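Report on one structure; see the data block that follows.
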Amino acid sequence: MKDDMPNLREFDQRLRDEAAVDPSLDVPQDAPTSKTQIIAIYGKGGIGKSFTLANLSHMMAEQGKRVLLIGCDPKSDTTSLLFGGKACPTIIDTSARKKDSGEEVAIGDVCFKHGGVFAMELGGPEVGRGCGGRGIIHGFELLEKLGFLDWDFDYVLLDFLGDVVCGGFGLPIARDMAQKVILVASNDLQSLYVANNVCSAVDYFRKLGGNVGVAGLVINKDDGTGEAAAFAEAVNIPVLAAIPQDDDLRKKSANYQIVGTAKSQWGDLFAGLGDAVAGAPPTRPVPLDQDGLLALFDSKDTGGDYQLVPATDADMRGKNAVLRESLEVIYDDA
């Protein structure tokens, strides 16, 4: 009986050894066990994630890949572009409606096809009536019930809003649901701030044992000023593509026209992006601090040279300020 007792001394030593490991060291990576690449795309709202993803997914499907596009942004604008402006029923709304009528959600209720791409929207709660992140979690729980883990795709592309930092929107990173992250940004401080936040999240969860990495940056509306490329170099990730700031692209996007096709003048650009996304390995980024981010821009544009001036108690009290005698002991000179 005594021989069956665990050796608590050895167990205690293993815990101590594990605790002594430097958490900044990278986690060993195993080869993927599934042929499906699950890729989460993050970026600031309005920066062009949906435009990039809709056209990227269409090009990948045109190249013979099986692609599932899942919109995870409450605005549901990813599939709207793919479907010519038509909004498809969201998973969350459909789930609530079916539950009220005592029915089960079926694939055909929430998943639709266009140009070889299978696409669906998770959706979100009504404004001011719920947590968008919780909606994301509920949506993926329903996808698992529908058989998500058994579906046969080469790529699953997830469109995530990067401005929101709550746990639901960080789900692919925190739970290792994706193998890699693609960032979409432009040559402006706010979009690069969001991209840097996502890099910080990836770095944090890698320290905890996670495996998700950043595969690279897509520069959208590139005006050639170079800040986004400098950011990518600073955080040690590649630039996968630079989509120019072009009036033809703006008009076609506004009119829900797909340009990620061989028939378009932009076909080669998106074909190259597809190849880059497929082959880019997930890497651990090196996020910048606020000063490092500001240093990418001219200080006259960002206020990077501004010196912080501390406020005083008298400043805060304004007209109510009263000079009080100090309790400090003052010694006479000897």
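Chain labels run A, B, ... following the order of the structure tokens; each chain numbers its residues from 1, and ligands are numbered from 1 in the order shown.
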
**OP:** For range 289-292 of chain A, work out the shell of residues within 9 Å, counting only C-alpha atoms and skipping chain neighbours fewer than 3 positions away, then give it as a PyMOL selection string.
**Re:** chain A and resi 193+196+234+295-296+304

**OP:** Find the residues around range 101-107 of chain A up to 9 Å (only C-alpha atoms counted), leave out those fewer than 5 positions away in its own chain, and share them as a list in words.
**Re:**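 Counting only the stated atoms, we get Ile91, Thr94, Ser95, Ala96, Phe112, Leu142 and Leu146 of chain A.
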
Selection file, N, CA, C and O atoms, as an mmCIF file, in the first residue's frame:
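The resulting again.cif:
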```cif
data_model
loop_
_atom_site.group_PDB
_atom_site.id
_atom_site.type_symbol
_atom_site.label_atom_id
_atom_site.label_comp_id
_atom_site.auth_asym_id
_atom_site.auth_seq_id
_atom_site.Cartn_x
_atom_site.Cartn_y
_atom_site.Cartn_z
ATOM 1 N N ILE A 91 -25.805 34.053 -37.053
ATOM 2 C CA ILE A 91 -25.937 32.854 -36.231
ATOM 3 C C ILE A 91 -26.653 33.173 -34.921
ATOM 4 O O ILE A 91 -27.531 32.432 -34.474
ATOM 5 N N THR A 94 -30.402 33.987 -35.609
ATOM 6 C CA THR A 94 -31.094 32.771 -36.036
ATOM 7 C C THR A 94 -31.264 31.805 -34.872
ATOM 8 O O THR A 94 -32.314 31.185 -34.709
ATOM 9 N N SER A 95 -30.232 31.698 -34.045
ATOM 10 C CA SER A 95 -30.298 30.815 -32.888
ATOM 11 C C SER A 95 -31.407 31.235 -31.934
ATOM 12 O O SER A 95 -32.183 30.405 -31.440
ATOM 13 N N ALA A 96 -31.519 32.549 -31.678
ATOM 14 C CA ALA A 96 -32.554 33.051 -30.771
ATOM 15 C C ALA A 96 -33.948 32.814 -31.342
ATOM 16 O O ALA A 96 -34.870 32.403 -30.628
ATOM 17 N N PHE A 112 -23.950 30.308 -46.253
ATOM 18 C CA PHE A 112 -24.333 30.561 -47.637
ATOM 19 C C PHE A 112 -23.086 30.568 -48.520
ATOM 20 O O PHE A 112 -21.966 30.692 -48.031
ATOM 21 N N LEU A 142 -22.196 27.318 -30.676
ATOM 22 C CA LEU A 142 -23.191 26.794 -31.605
ATOM 23 C C LEU A 142 -22.529 26.155 -32.827
ATOM 24 O O LEU A 142 -22.962 25.105 -33.308
ATOM 25 N N LEU A 146 -22.868 22.386 -34.484
ATOM 26 C CA LEU A 146 -23.192 22.139 -35.891
ATOM 27 C C LEU A 146 -22.134 21.270 -36.585
ATOM 28 O O LEU A 146 -22.297 20.926 -37.746
#
```

**OP:** Taking the DSSP assignment computed from this structure's backbone, write out as number ranges by chain all residues of range 117-299 of chain A that belong to helix (DSSP H, G or I).
**Re:** A: 132-145, 148-150, 167-174, 189-207, 227-235, 247-254, 267-279, 290-294, 299

Original post:
Smallest atom-to-atom distance to Leu192 in chain A: which of A:Pro310, A:Gly162, A:Gly279, A:Gly209, using only C-alpha atoms?
Top reply: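 Using only C-alpha atoms, the shortest distance to Leu192 in chain A belongs to A:Gly162.
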
Subject >> Using only C-alpha atoms: which of A:Asn211, A:Asn255, A:Gln307, A:Thr312 has the shortest distance to Pro282 in chain A >> reply: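 Distance minimum relative to Pro282 in chain A lands on A:Asn211.
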
Original post:
What is the CA of Gln265 in chain A-CA of Ala185 in chain A distance in Å, reported with one decimal?
Top reply: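 Separation of CA of Gln265 in chain A and CA of Ala185 in chain A: 22.5 Å.
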
**OP:** Based on DSSP run over this structure's backbone, return all residues of range 141-237 of chain A in strand (DSSP E), as number ranges by chain.
**Re:** A: 155-161, 180-185, 213-222

Serialized selection, C-alpha atoms, as an mmCIF file, in the first residue's frame:
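File part23.cif, as written:
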```cif
data_model
loop_
_atom_site.group_PDB
_atom_site.id
_atom_site.type_symbol
_atom_site.label_atom_id
_atom_site.label_comp_id
_atom_site.auth_asym_id
_atom_site.auth_seq_id
_atom_site.Cartn_x
_atom_site.Cartn_y
_atom_site.Cartn_z
ATOM 1 C CA TYR A 155 -8.789 27.680 -44.763
ATOM 2 C CA VAL A 156 -11.129 29.118 -42.155
ATOM 3 C CA LEU A 157 -10.844 32.924 -42.105
ATOM 4 C CA LEU A 158 -12.172 34.810 -39.066
ATOM 5 C CA ASP A 159 -12.869 38.555 -39.259
ATOM 6 C CA PHE A 160 -12.382 40.134 -35.819
ATOM 7 C CA LEU A 161 -12.726 43.725 -34.677
ATOM 8 C CA LYS A 180 -2.070 32.439 -36.799
ATOM 9 C CA VAL A 181 -3.183 36.052 -36.892
ATOM 10 C CA ILE A 182 -3.105 38.486 -39.798
ATOM 11 C CA LEU A 183 -3.149 42.217 -39.009
ATOM 12 C CA VAL A 184 -4.683 44.870 -41.266
ATOM 13 C CA ALA A 185 -3.564 48.471 -40.752
ATOM 14 C CA GLY A 213 1.474 33.679 -33.732
ATOM 15 C CA VAL A 214 1.296 36.698 -36.027
ATOM 16 C CA ALA A 215 1.887 35.776 -39.674
ATOM 17 C CA GLY A 216 2.170 39.331 -40.910
ATOM 18 C CA LEU A 217 0.653 42.699 -41.751
ATOM 19 C CA VAL A 218 -1.515 43.781 -44.676
ATOM 20 C CA ILE A 219 -1.149 47.510 -45.344
ATOM 21 C CA ASN A 220 -4.456 48.818 -46.668
ATOM 22 C CA LYS A 221 -4.986 52.269 -48.237
ATOM 23 C CA ASP A 222 -1.218 52.541 -48.553
#
```

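Take CA of His58 in chain A and CA of His114 in chain A: the distance between them is 8.3 Å.
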
Subject >> Contacts of range 74-88 of chain A within 10 Å, only C-alpha atoms, excl. fewer than 2 positions in-chain, as a PyMOL selection string >> reply: chain A and resi 45+48-55+57-58+69-72+90-91+109-115+117-127+132-133+135-136+158-161+252-258

Original post:
Nearest to Ile41 in chain A among A:Ala195, A:Met60, A:Ala230, A:Leu269, with distances taken over only C-alpha atoms: which residue is it?
Top reply: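 Ranked by minimum distance to Ile41 in chain A, first place goes to A:Ala195.
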
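Among the candidates A:Lys251, A:Tyr204, A:Asp332, A:Met59, the one nearest to Val277 in chain A when counting only C-alpha atoms is A:Met59.
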